[in-house]
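Visitor: My file is target_5.cif. It has mmCIF, C-alpha atoms:
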```cif
data_protein
#
loop_
_atom_site.label_atom_id
_atom_site.label_comp_id
_atom_site.auth_asym_id
_atom_site.auth_seq_id
_atom_site.Cartn_x
_atom_site.Cartn_y
_atom_site.Cartn_z
CA MET F 1 4.26 28.15 -36.13
CA LYS F 2 7.02 27.41 -38.59
CA PRO F 3 8.89 24.77 -36.58
CA ALA F 4 5.72 22.88 -35.74
CA LEU F 5 5.61 20.53 -38.69
CA PRO F 6 9.25 19.40 -38.62
CA PHE F 7 8.94 18.99 -34.88
CA LEU F 8 5.88 16.81 -35.21
CA LEU F 9 7.55 14.75 -37.90
CA LEU F 10 10.59 14.34 -35.73
CA ALA F 11 8.46 13.44 -32.75
CA GLY F 12 6.63 10.86 -34.83
CA LEU F 13 9.86 9.35 -36.08
CA THR F 14 11.28 9.23 -32.59
CA ALA F 15 8.17 7.50 -31.35
CA THR F 16 8.37 4.81 -34.00
CA CYS F 17 12.07 4.26 -33.30
CA LEU F 18 11.73 3.91 -29.56
CA PRO F 19 12.64 0.55 -28.12
CA ALA F 20 10.10 -1.77 -26.59
CA GLY F 21 8.76 -0.56 -23.27
CA ALA F 22 9.49 3.06 -24.02
CA ASN F 23 6.95 5.71 -24.69
CA SER F 24 7.18 9.17 -26.11
CA SER F 25 6.08 10.78 -22.85
CA ASP F 26 9.26 9.86 -21.04
CA ARG F 27 11.41 12.65 -22.42
CA ASN F 28 13.10 14.65 -19.70
CA THR F 29 11.09 17.85 -19.93
CA GLU F 30 11.88 19.21 -16.48
CA LEU F 31 15.65 19.53 -16.94
CA PRO F 32 15.79 23.21 -18.06
CA ALA F 33 13.57 24.33 -15.18
CA ALA F 34 15.53 22.26 -12.67
CA LEU F 35 18.82 23.69 -13.90
CA ALA F 36 17.47 27.23 -13.57
CA LEU F 37 16.69 26.79 -9.86
CA LYS F 38 19.21 28.06 -7.37
CA GLY F 39 20.33 25.22 -5.16
CA SER F 40 21.07 25.75 -1.50
CA PRO F 41 23.60 23.33 0.00
CA GLU F 42 22.06 23.83 3.46
CA GLN F 43 18.62 22.80 2.28
CA GLY F 44 20.20 20.11 0.17
CA LYS F 45 21.76 18.53 3.22
CA VAL F 46 18.28 18.03 4.72
CA ALA F 47 16.63 16.94 1.46
CA TYR F 48 19.46 14.48 0.82
CA GLU F 49 18.57 12.49 3.96
CA ILE F 50 16.23 10.18 2.06
CA CYS F 51 19.10 9.30 -0.29
CA CYS F 52 21.50 8.28 2.49
CA GLY F 53 20.04 4.80 2.81
CA CYS F 54 21.88 3.90 -0.39
CA HIS F 55 24.33 6.68 -1.20
CA ASN F 56 25.53 7.21 2.36
CA ARG F 57 25.67 10.34 4.45
CA ASP F 58 29.01 11.46 3.00
CA GLY F 59 27.92 10.76 -0.58
CA SER F 60 30.41 7.91 -0.83
CA GLY F 61 27.87 5.44 -2.25
CA ARG F 62 28.20 1.73 -1.61
CA SER F 63 30.77 0.04 -3.76
CA LYS F 64 29.65 -3.58 -3.55
CA ALA F 65 25.98 -2.68 -3.81
CA GLY F 66 26.68 -0.82 -7.07
CA TYR F 67 25.46 2.52 -5.71
CA PRO F 68 27.58 5.32 -7.14
CA ARG F 69 29.59 7.87 -5.28
CA LEU F 70 27.95 11.28 -5.58
CA ALA F 71 30.19 13.52 -3.45
CA GLY F 72 31.98 16.06 -5.62
CA GLN F 73 29.97 15.24 -8.74
CA HIS F 74 29.01 18.22 -10.91
CA ALA F 75 25.63 19.66 -9.90
CA THR F 76 24.49 19.76 -13.54
CA VAL F 77 25.25 16.08 -13.95
CA LEU F 78 23.36 15.21 -10.76
CA ILE F 79 20.35 17.26 -11.82
CA LYS F 80 20.31 15.66 -15.25
CA GLN F 81 20.58 12.14 -13.88
CA MET F 82 17.91 12.67 -11.22
CA THR F 83 15.49 14.14 -13.74
CA ASP F 84 16.39 11.52 -16.36
CA ILE F 85 15.40 8.86 -13.85
CA ARG F 86 12.20 10.71 -12.95
CA SER F 87 11.23 10.91 -16.61
CA GLY F 88 12.06 7.29 -17.40
CA GLN F 89 14.75 8.24 -19.93
CA ARG F 90 17.10 6.51 -17.57
CA GLN F 91 15.31 3.50 -16.21
CA ASN F 92 16.28 2.74 -12.67
CA PRO F 93 13.45 0.89 -10.97
CA LYS F 94 15.36 0.60 -7.70
CA MET F 95 15.86 4.32 -7.36
CA HIS F 96 12.79 5.64 -9.12
CA PRO F 97 10.35 5.57 -6.17
CA PHE F 98 12.82 7.49 -4.02
CA VAL F 99 13.33 10.34 -6.48
CA ASP F 100 9.81 10.51 -7.88
CA LYS F 101 8.10 13.88 -8.12
CA ASP F 102 5.80 13.35 -5.16
CA VAL F 103 8.78 12.43 -2.99
CA VAL F 104 11.37 14.99 -4.08
CA PRO F 105 10.05 18.41 -5.11
CA ALA F 106 11.82 20.05 -8.07
CA GLU F 107 13.57 22.61 -5.88
CA ASP F 108 14.98 19.82 -3.73
CA ILE F 109 16.64 18.33 -6.83
CA ALA F 110 18.60 21.57 -7.16
CA HIS F 111 19.33 21.71 -3.43
CA ILE F 112 20.53 18.11 -3.29
CA ALA F 113 22.78 18.65 -6.31
CA ALA F 114 24.27 21.81 -4.80
CA TYR F 115 24.94 19.98 -1.54
CA LEU F 116 26.56 16.93 -3.11
CA ALA F 117 28.68 18.92 -5.54
CA GLY F 118 30.31 20.67 -2.60
CA LEU F 119 31.10 17.56 -0.57
CA PRO F 120 34.75 16.52 -0.32
CA GLU F 121 35.87 13.40 -2.11
CA PRO F 122 35.55 10.49 0.31
CA GLY F 123 38.48 8.08 0.44
CA GLY F 124 38.55 4.40 -0.34
CA ASN F 125 36.42 3.81 -3.43
CA GLY F 126 35.97 0.36 -4.95
CA LYS F 127 38.52 -0.56 -7.60
CA GLY F 128 39.02 -3.42 -10.06
CA ASP F 129 41.64 -6.13 -9.86
CA GLY F 130 44.34 -3.88 -11.33
CA ARG F 131 45.46 -6.38 -13.95
CA GLN F 132 44.38 -4.48 -17.05
CA LEU F 133 45.41 -0.95 -16.14
CA PRO F 134 47.79 -0.36 -19.09
CA ARG F 135 45.00 -1.45 -21.45
CA GLY F 136 42.57 0.76 -19.54
CA LYS F 137 44.84 3.77 -19.89
CA VAL F 138 45.25 3.29 -23.63
CA LEU F 139 41.49 3.09 -24.12
CA TYR F 140 40.78 5.98 -21.78
CA ASP F 141 43.26 8.29 -23.44
CA LYS F 142 42.06 7.33 -26.90
CA ASP F 143 38.29 7.37 -26.41
CA CYS F 144 37.29 8.90 -23.09
CA ALA F 145 39.65 11.72 -22.14
CA VAL F 146 38.36 13.98 -24.92
CA CYS F 147 35.08 14.40 -23.01
CA HIS F 148 35.71 13.21 -19.45
CA GLY F 149 39.08 14.99 -19.18
CA SER F 150 42.54 13.54 -18.82
CA ASN F 151 42.07 13.22 -15.07
CA GLY F 152 38.44 12.13 -15.20
CA GLU F 153 37.22 15.53 -14.09
CA GLY F 154 34.21 15.64 -16.45
CA ASN F 155 32.58 18.80 -17.71
CA ALA F 156 29.82 20.55 -15.80
CA GLU F 157 28.58 22.60 -18.73
CA LYS F 158 28.20 19.61 -21.00
CA PHE F 159 26.66 17.33 -18.35
CA ILE F 160 29.66 15.03 -18.58
CA PRO F 161 30.18 13.26 -15.28
CA ARG F 162 33.29 13.28 -13.26
CA VAL F 163 34.47 9.66 -13.32
CA ALA F 164 37.64 9.99 -11.26
CA GLY F 165 37.39 7.98 -8.07
CA GLN F 166 33.99 6.49 -8.93
CA HIS F 167 33.38 2.93 -7.76
CA TYR F 168 34.59 0.32 -10.23
CA ASP F 169 31.43 -1.78 -9.93
CA TYR F 170 29.25 1.19 -10.78
CA LEU F 171 31.42 2.28 -13.72
CA LEU F 172 31.33 -1.24 -15.12
CA ARG F 173 27.56 -1.49 -14.78
CA ALA F 174 26.99 1.97 -16.25
CA GLY F 175 29.39 1.28 -19.12
CA LYS F 176 27.59 -1.91 -20.05
CA ALA F 177 24.17 -0.26 -19.83
CA ILE F 178 25.25 2.73 -21.92
CA GLN F 179 26.80 0.50 -24.54
CA ALA F 180 23.47 -1.32 -24.89
CA ALA F 181 21.84 2.10 -25.36
CA THR F 182 18.37 0.75 -26.06
CA GLY F 183 17.80 -0.55 -22.58
CA ASN F 184 17.72 1.35 -19.35
CA ARG F 185 20.05 4.14 -20.45
CA ARG F 186 18.17 5.77 -23.27
CA ASP F 187 19.44 9.06 -21.87
CA ALA F 188 23.00 8.17 -22.82
CA ASP F 189 24.96 10.65 -24.93
CA PRO F 190 25.13 9.26 -28.50
CA ASP F 191 28.83 10.20 -28.66
CA MET F 192 29.43 8.06 -25.61
CA VAL F 193 27.48 5.15 -27.06
CA ARG F 194 29.58 5.37 -30.26
CA ALA F 195 32.87 5.72 -28.39
CA ILE F 196 32.46 2.42 -26.57
CA GLY F 197 30.34 0.70 -29.22
CA SER F 198 33.02 -1.81 -30.16
CA TYR F 199 34.28 -2.43 -26.63
CA THR F 200 34.37 -5.95 -25.30
CA TYR F 201 33.41 -6.67 -21.72
CA LYS F 202 37.11 -6.78 -20.87
CA ASP F 203 37.64 -3.37 -22.44
CA ILE F 204 34.86 -1.84 -20.34
CA ALA F 205 36.27 -3.53 -17.24
CA ALA F 206 39.81 -2.30 -17.98
CA VAL F 207 38.78 1.29 -18.55
CA SER F 208 36.47 1.22 -15.51
CA ASP F 209 39.35 0.05 -13.34
CA TYR F 210 41.54 2.82 -14.75
CA MET F 211 38.90 5.51 -14.09
CA SER F 212 38.32 4.27 -10.55
CA ARG F 213 41.98 5.05 -9.85
CA LEU F 214 42.02 8.54 -11.35
CA SER F 215 42.02 11.42 -8.93
CA HIS F 216 42.14 15.14 -9.12
CA PRO F 217 41.26 18.00 -6.78
CA ALA F 218 37.52 18.34 -6.18
CA PRO F 219 35.92 21.15 -8.21
CA MET P 1 -13.22 29.57 22.95
CA ARG P 2 -10.11 29.78 25.02
CA PHE P 3 -7.14 31.39 23.42
CA ARG P 4 -3.85 29.68 24.06
CA THR P 5 -0.53 30.83 22.79
CA VAL P 6 0.80 27.60 21.50
CA LEU P 7 3.03 27.40 18.49
CA ILE P 8 2.67 24.34 16.40
CA ALA P 9 4.69 22.97 13.57
CA LEU P 10 2.16 23.73 10.89
CA ALA P 11 4.74 23.04 8.25
CA LEU P 12 4.16 19.36 8.81
CA ALA P 13 0.39 19.54 8.45
CA GLY P 14 0.07 19.56 4.70
CA GLY P 15 3.47 18.52 3.47
CA GLY P 16 5.06 15.13 3.55
CA MET P 17 7.76 14.11 5.94
CA THR P 18 10.28 14.45 3.16
CA ALA P 19 10.01 18.19 2.60
CA SER P 20 13.40 19.71 3.16
CA LYS P 21 12.21 22.64 5.22
CA ALA P 22 11.83 21.77 8.86
CA GLY P 23 9.00 23.47 10.70
CA PRO P 24 9.40 25.35 13.95
CA ALA P 25 9.80 23.22 17.07
CA VAL P 26 6.60 21.99 18.68
CA LYS P 27 5.67 23.98 21.77
CA GLY P 28 3.17 22.79 24.31
CA ASP P 29 2.52 22.24 27.99
CA PRO P 30 3.81 18.86 29.14
CA ALA P 31 1.77 18.93 32.36
CA LYS P 32 -1.44 19.25 30.37
CA GLY P 33 -0.15 16.57 28.04
CA GLU P 34 0.37 14.22 30.97
CA ALA P 35 -3.20 14.77 32.16
CA LEU P 36 -4.58 14.16 28.68
CA MET P 37 -2.46 11.06 28.38
CA ALA P 38 -3.93 9.62 31.59
CA GLU P 39 -7.42 10.48 30.47
CA ARG P 40 -7.37 9.26 26.88
CA CYS P 41 -4.29 7.28 25.95
CA ALA P 42 -2.82 5.44 28.92
CA ALA P 43 -5.00 2.34 28.64
CA CYS P 44 -3.25 1.32 25.43
CA HIS P 45 -0.01 3.31 25.37
CA GLY P 46 0.80 3.34 29.12
CA PRO P 47 0.83 6.45 31.31
CA ASP P 48 4.25 7.52 29.97
CA GLY P 49 3.88 6.19 26.43
CA ASN P 50 5.71 2.94 27.08
CA SER P 51 3.00 0.74 25.69
CA PRO P 52 2.90 -2.68 27.35
CA VAL P 53 0.90 -4.14 24.45
CA PRO P 54 3.00 -5.50 21.55
CA ASN P 55 0.56 -4.35 18.88
CA PHE P 56 0.47 -0.75 20.09
CA PRO P 57 3.38 1.56 19.48
CA LYS P 58 5.72 2.79 22.09
CA LEU P 59 5.47 6.58 22.06
CA ALA P 60 7.86 7.52 24.89
CA GLY P 61 10.81 9.47 23.53
CA GLN P 62 9.26 9.78 20.06
CA HIS P 63 9.87 13.08 18.30
CA ALA P 64 7.17 15.67 19.02
CA GLU P 65 6.98 16.68 15.35
CA TYR P 66 6.26 13.11 14.31
CA LEU P 67 3.69 12.55 17.06
CA LEU P 68 1.84 15.70 16.12
CA HIS P 69 1.88 14.74 12.47
CA GLU P 70 0.51 11.26 13.18
CA ILE P 71 -2.32 12.48 15.45
CA ARG P 72 -3.37 14.80 12.65
CA GLU P 73 -3.18 11.99 10.14
CA TYR P 74 -5.63 10.00 12.28
CA GLN P 75 -7.92 12.99 12.64
CA GLU P 76 -7.96 13.55 8.91
CA HIS P 77 -8.41 9.85 8.16
CA HIS P 78 -5.18 9.63 6.17
CA ARG P 79 -4.20 7.00 8.64
CA GLU P 80 -7.09 4.73 9.51
CA SER P 81 -7.71 3.02 12.81
CA ASP P 82 -11.02 2.16 14.41
CA LEU P 83 -9.29 2.42 17.77
CA MET P 84 -7.45 5.69 17.25
CA GLN P 85 -10.01 7.71 15.32
CA PRO P 86 -12.57 8.14 18.13
CA VAL P 87 -9.85 8.93 20.66
CA VAL P 88 -8.18 11.71 18.69
CA GLN P 89 -11.31 13.19 17.18
CA GLY P 90 -11.98 15.76 19.89
CA LEU P 91 -8.39 16.92 20.30
CA GLY P 92 -7.64 20.55 19.49
CA GLU P 93 -4.35 21.84 18.13
CA ALA P 94 -3.12 22.78 21.60
CA ASP P 95 -4.08 19.38 23.05
CA MET P 96 -2.10 17.61 20.36
CA ALA P 97 0.95 19.75 20.99
CA ASP P 98 0.68 19.18 24.75
CA LEU P 99 0.59 15.43 24.23
CA ALA P 100 3.46 15.53 21.75
CA VAL P 101 5.83 17.46 24.00
CA PHE P 102 4.94 15.33 27.03
CA LEU P 103 5.58 12.07 25.21
CA ALA P 104 8.76 13.29 23.55
CA ALA P 105 10.21 13.99 27.00
CA GLN P 106 9.47 10.53 28.43
CA LYS P 107 12.17 7.92 28.78
CA PRO P 108 11.65 4.95 26.46
CA ALA P 109 11.73 1.58 28.20
CA PRO P 110 14.02 -1.08 26.70
CA GLY P 111 12.48 -2.88 23.72
CA ASN P 112 11.35 -6.48 23.81
CA VAL P 113 13.24 -8.76 21.41
CA THR P 114 11.13 -11.81 20.65
CA ALA P 115 13.43 -13.71 18.25
CA PRO P 116 17.12 -13.09 19.07
CA SER P 117 18.24 -15.46 16.29
CA LEU P 118 17.07 -12.90 13.73
CA LEU P 119 19.10 -10.01 15.11
CA ALA P 120 22.14 -10.60 12.90
CA LEU P 121 20.08 -10.48 9.72
CA GLY P 122 18.13 -7.55 11.10
CA LYS P 123 21.30 -5.60 11.76
CA LYS P 124 22.54 -6.26 8.25
CA VAL P 125 19.29 -5.07 6.68
CA TYR P 126 19.10 -2.06 9.00
CA LEU P 127 22.63 -0.91 8.25
CA GLU P 128 23.11 -2.05 4.65
CA GLY P 129 19.69 -2.67 3.15
CA ASN P 130 19.48 -5.24 0.38
CA SER P 131 20.99 -4.02 -2.85
CA GLY P 132 19.69 -7.07 -4.72
CA THR P 133 16.08 -6.09 -4.14
CA GLY P 134 16.64 -2.34 -3.81
CA VAL P 135 15.96 -2.05 -0.09
CA PRO P 136 17.84 0.98 1.22
CA SER P 137 19.42 0.84 4.63
CA CYS P 138 17.16 2.04 7.45
CA GLU P 139 19.93 4.03 9.08
CA GLY P 140 19.93 6.49 6.19
CA CYS P 141 16.79 8.13 7.56
CA HIS P 142 16.27 6.64 11.01
CA GLU P 143 19.93 7.04 12.02
CA GLU P 144 22.37 4.34 13.03
CA ASP P 145 21.09 4.32 16.61
CA GLY P 146 17.45 4.27 15.52
CA HIS P 147 16.72 7.55 17.26
CA GLY P 148 15.45 9.25 14.09
CA SER P 149 15.05 13.01 13.83
CA ALA P 150 12.37 15.66 13.59
CA ARG P 151 11.71 14.41 10.05
CA PHE P 152 11.88 10.66 10.58
CA PRO P 153 10.53 8.77 13.59
CA ARG P 154 12.47 7.05 16.28
CA VAL P 155 12.38 3.28 15.77
CA ALA P 156 14.73 2.19 18.59
CA GLY P 157 13.00 -0.03 21.13
CA GLN P 158 9.77 -0.12 19.17
CA ASN P 159 7.41 -3.06 19.68
CA VAL P 160 8.07 -5.76 17.07
CA GLU P 161 4.45 -6.52 16.27
CA TYR P 162 3.65 -2.86 15.79
CA THR P 163 6.56 -2.40 13.38
CA LEU P 164 5.49 -5.45 11.40
CA GLU P 165 1.92 -4.21 11.22
CA GLN P 166 3.16 -0.90 9.88
CA PHE P 167 5.19 -2.65 7.16
CA ARG P 168 1.98 -4.43 6.13
CA ILE P 169 -0.01 -1.21 6.18
CA TYR P 170 2.63 0.64 4.17
CA SER P 171 2.89 -2.04 1.53
CA ALA P 172 -0.90 -2.01 1.19
CA GLY P 173 -0.68 1.73 0.49
CA LYS P 174 -2.61 2.65 3.63
CA ARG P 175 -0.18 5.20 4.99
CA PRO P 176 -0.02 7.30 1.85
CA TYR P 177 1.45 10.46 3.33
CA GLY P 178 4.72 8.59 3.75
CA LYS P 179 4.79 8.99 -0.04
CA LYS P 180 6.44 6.21 -1.91
CA VAL P 181 9.43 5.87 0.34
CA MET P 182 8.21 3.59 3.12
CA ARG P 183 5.73 1.90 0.84
CA THR P 184 8.56 0.93 -1.49
CA VAL P 185 10.74 -0.26 1.37
CA ALA P 186 7.92 -2.34 2.82
CA GLU P 187 7.08 -3.86 -0.56
CA ARG P 188 10.67 -4.88 -1.13
CA LEU P 189 11.38 -6.42 2.26
CA SER P 190 10.96 -10.17 2.41
CA GLU P 191 8.86 -11.47 5.27
CA GLU P 192 11.97 -12.71 7.03
CA GLU P 193 13.81 -9.43 6.50
CA ALA P 194 10.83 -7.46 7.80
CA ARG P 195 10.66 -9.51 10.99
CA ALA P 196 14.44 -9.46 11.42
CA VAL P 197 14.68 -5.71 11.05
CA ALA P 198 11.74 -5.20 13.43
CA GLU P 199 13.58 -7.33 15.99
CA TYR P 200 16.76 -5.35 15.48
CA MET P 201 14.91 -2.07 15.95
CA ALA P 202 13.42 -3.42 19.18
CA SER P 203 16.93 -4.27 20.38
CA LEU P 204 18.25 -0.74 19.94
CA PRO P 205 18.39 1.24 23.20
#
```
Now that the file is in, can you turn its structure into structure tokens?

Guide:
Amino acid sequence: MKPALPFLLLAGLTATCLPAGANSSDRNTELPAALALKGSPEQGKVAYEICCGCHNRDGSGRSKAGYPRLAGQHATVLIKQMTDIRSGQRQNPKMHPFVDKDVVPAEDIAHIAAYLAGLPEPGGNGKGDGRQLPRGKVLYDKDCAVCHGSNGEGNAEKFIPRVAGQHYDYLLRAGKAIQAATGNRRDADPDMVRAIGSYTYKDIAAVSDYMSRLSHPAP
Amino acid sequence: MRFRTVLIALALAGGGMTASKAGPAVKGDPAKGEALMAERCAACHGPDGNSPVPNFPKLAGQHAEYLLHEIREYQEHHRESDLMQPVVQGLGEADMADLAVFLAAQKPAPGNVTAPSLLALGKKVYLEGNSGTGVPSCEGCHEEDGHGSARFPRVAGQNVEYTLEQFRIYSAGKRPYGKKVMRTVAERLSEEEARAVAEYMASLP
């Protein structure tokens, strides 16, 4: 019983600090259970079919539409993002109906993640205009590489996404949303929000362009 | 009661079409299905499931799993139709399987495009969706050629008016077993996009 009071206090504080439109029930409570499930790539291939309309059969996403590439992403990252969206921690009204609990059972989340994590990196992702790459590299090495890795490989254990070879348009959009922090990306890692807190739009664009050009062998 | 050894894809009975485990293949007797078709269904859907009436769906070449699922949905009033309910009410499990395998084996007649000027837009929506409004492409589930799979119905060559009616029914929440997927798609399609994509589906061989 000991932790109950501090927990309640904390919960109360969190509730009062939540931004407009949020509610305390949208914490991602299903993540631990989803991570504990054993994903089957074979079953994931079937379950993933309803995602193909946006993310494509090969997990390459759709650059101009802003739909991210998922092939080769860490399974933990995929599970966290899918369940963040289900819970409302990450607000994505376009995707939400397609990943909601009555559409995708919890075990399918694990299957889909296992399937996507094992897909080879598709070629030809969307990139920026290439004009600010030196600036992008400086920023990346200074602020991003410590977590996302010097080659953009991410970190499966810490839920840090692989960013190498991601579409530029998606990276730019995600960067802007995470920087805002109070909006549709309340699930963002506070360290990440701090790291890019002072970035201008041009900074986010430059580092997004740089990340879109990183590559490394698939995990 | 007669005992017939017919295996049926029970997996589809309770679950949605999005469950990742496919059921066993539908097994039935196509000859019995043909006789049932002539007796109960041909007036609206044609003797081989190539419905001549724009409002009624073409069933020829449709996947047996989907057909079986839909007949059950009518029987259980998850899918409502004053026309279909009385017709399917007396069908047993074996009858439904017989019909499904017969229809799945029939050759679909070419679709009837009613507004060719909309085909270009329809193709774009079908293959790319509309990222501005969050419409996914149709080909993700229904395949590039519109032939679908055991999990998602064939849409190639389908009657335009029937497809449009289904969009309306989905967006009104009246085909709930399709979960949120088709409802969301139907809600997000503009009227022009819906018609265009229905025309494009009709044009697919």

Visitor: Let me make sure I understand: among F:Gly88, F:Gly39, F:Pro105, F:Gly61, which one has the smallest atom-to-atom distance to chain P if we use all atoms listed in the file?

Guide: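 Answer, going by the shortest atom-to-atom distance: F:Pro105.
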
Visitor: Residues of chain P near chain F: apply a cut-off of 6 Å, count all atoms listed in the file, and supply the list as number ranges by chain.

Guide: P: 20, 131, 134, 136-137, 140-141, 180-181

Visitor: What lies within 7 Å of F:Ala164 using only C-alpha atoms, ignoring chain neighbours under 3 positions off, as an MDAnalysis selection string?

Guide: chainID F and resid 151:153 211:215

Visitor: On this structure, the PyMOL selection byres ((chain F and resi 29) around 12) would catch which residues? List them as JSON, numbers by chain, sorted by chain and number.

Guide: {"F": [24, 25, 26, 27, 28, 30, 31, 32, 33, 34, 35, 80, 83, 84, 85, 86, 87, 88, 89]}

Visitor: Nearest to F:Leu139 among F:Asn155, F:Asn184, F:Gln91, F:Thr200, with distances taken over all atoms listed in the file: which residue is it?

Guide: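 So, comparing all the options, the nearest one is F:Thr200.
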
Visitor: If you measure from atom CA of P:Asp98 to atom CA of P:Gly28, what distance in Å do you get, rounded to one decimal?

Guide: 4.4 Å

Visitor: Evaluate the PyMOL selection byres ((chain F and resi 178) around 12) here and jot the selected residues down as number ranges by chain.

Guide: F: 90-91, 170-177, 179-197, 199, 204

Visitor: Those same residues, written as a PDB file, in the coordinates of the input with C-alpha atoms?

Guide:
```pdb
ATOM      1  CA  ARG F  90      17.100   6.510 -17.570  1.00  0.00           C
ATOM      2  CA  GLN F  91      15.310   3.500 -16.210  1.00  0.00           C
ATOM      3  CA  TYR F 170      29.250   1.190 -10.780  1.00  0.00           C
ATOM      4  CA  LEU F 171      31.420   2.280 -13.720  1.00  0.00           C
ATOM      5  CA  LEU F 172      31.330  -1.240 -15.120  1.00  0.00           C
ATOM      6  CA  ARG F 173      27.560  -1.490 -14.780  1.00  0.00           C
ATOM      7  CA  ALA F 174      26.990   1.970 -16.250  1.00  0.00           C
ATOM      8  CA  GLY F 175      29.390   1.280 -19.120  1.00  0.00           C
ATOM      9  CA  LYS F 176      27.590  -1.910 -20.050  1.00  0.00           C
ATOM     10  CA  ALA F 177      24.170  -0.260 -19.830  1.00  0.00           C
ATOM     11  CA  GLN F 179      26.800   0.500 -24.540  1.00  0.00           C
ATOM     12  CA  ALA F 180      23.470  -1.320 -24.890  1.00  0.00           C
ATOM     13  CA  ALA F 181      21.840   2.100 -25.360  1.00  0.00           C
ATOM     14  CA  THR F 182      18.370   0.750 -26.060  1.00  0.00           C
ATOM     15  CA  GLY F 183      17.800  -0.550 -22.580  1.00  0.00           C
ATOM     16  CA  ASN F 184      17.720   1.350 -19.350  1.00  0.00           C
ATOM     17  CA  ARG F 185      20.050   4.140 -20.450  1.00  0.00           C
ATOM     18  CA  ARG F 186      18.170   5.770 -23.270  1.00  0.00           C
ATOM     19  CA  ASP F 187      19.440   9.060 -21.870  1.00  0.00           C
ATOM     20  CA  ALA F 188      23.000   8.170 -22.820  1.00  0.00           C
ATOM     21  CA  ASP F 189      24.960  10.650 -24.930  1.00  0.00           C
ATOM     22  CA  PRO F 190      25.130   9.260 -28.500  1.00  0.00           C
ATOM     23  CA  ASP F 191      28.830  10.200 -28.660  1.00  0.00           C
ATOM     24  CA  MET F 192      29.430   8.060 -25.610  1.00  0.00           C
ATOM     25  CA  VAL F 193      27.480   5.150 -27.060  1.00  0.00           C
ATOM     26  CA  ARG F 194      29.580   5.370 -30.260  1.00  0.00           C
ATOM     27  CA  ALA F 195      32.870   5.720 -28.390  1.00  0.00           C
ATOM     28  CA  ILE F 196      32.460   2.420 -26.570  1.00  0.00           C
ATOM     29  CA  GLY F 197      30.340   0.700 -29.220  1.00  0.00           C
ATOM     30  CA  TYR F 199      34.280  -2.430 -26.630  1.00  0.00           C
ATOM     31  CA  ILE F 204      34.860  -1.840 -20.340  1.00  0.00           C
TER      32      ILE F 204
END
```

Visitor: Could you check the closest approach to P:Ser203 for each of P:Val185, P:Ala94, P:Val113, P:Cys138 and tell me which residue wins, using all atoms listed in the file?

Guide: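 Of the candidates, the smallest distance to P:Ser203 is held by P:Val113.
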
Visitor: Might you spell out which residues the PyMOL selection byres ((chain P and resi 163) around 10) would select in the displayed file, as a list in words?

Guide: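 What the PyMOL selection byres ((chain P and resi 163) around 10) grabs from the file is Pro54, Asn55, Phe56, Pro57, Val155, Gln158, Asn159, Val160, Glu161, Tyr162, Leu164, Glu165, Gln166, Phe167, Arg168, Ile169, Ala194, Arg195, Val197, Ala198, Glu199, Met201 and Ala202 of chain P.
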
Visitor: Next, write the just-selected residues to a file, as a short mmCIF file (atom, residue, chain, number, x, y, z; two decimals), in the coordinates of the input, keeping C-alpha atoms as the atom set.

Guide:
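Saved result, part37.cif, follows:
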```cif
data_model
loop_
_atom_site.label_atom_id
_atom_site.label_comp_id
_atom_site.auth_asym_id
_atom_site.auth_seq_id
_atom_site.Cartn_x
_atom_site.Cartn_y
_atom_site.Cartn_z
CA PRO P 54 3.00 -5.50 21.55
CA ASN P 55 0.56 -4.35 18.88
CA PHE P 56 0.47 -0.75 20.09
CA PRO P 57 3.38 1.56 19.48
CA VAL P 155 12.38 3.28 15.77
CA GLN P 158 9.77 -0.12 19.17
CA ASN P 159 7.41 -3.06 19.68
CA VAL P 160 8.07 -5.76 17.07
CA GLU P 161 4.45 -6.52 16.27
CA TYR P 162 3.65 -2.86 15.79
CA LEU P 164 5.49 -5.45 11.40
CA GLU P 165 1.92 -4.21 11.22
CA GLN P 166 3.16 -0.90 9.88
CA PHE P 167 5.19 -2.65 7.16
CA ARG P 168 1.98 -4.43 6.13
CA ILE P 169 -0.01 -1.21 6.18
CA ALA P 194 10.83 -7.46 7.80
CA ARG P 195 10.66 -9.51 10.99
CA VAL P 197 14.68 -5.71 11.05
CA ALA P 198 11.74 -5.20 13.43
CA GLU P 199 13.58 -7.33 15.99
CA MET P 201 14.91 -2.07 15.95
CA ALA P 202 13.42 -3.42 19.18
#
```
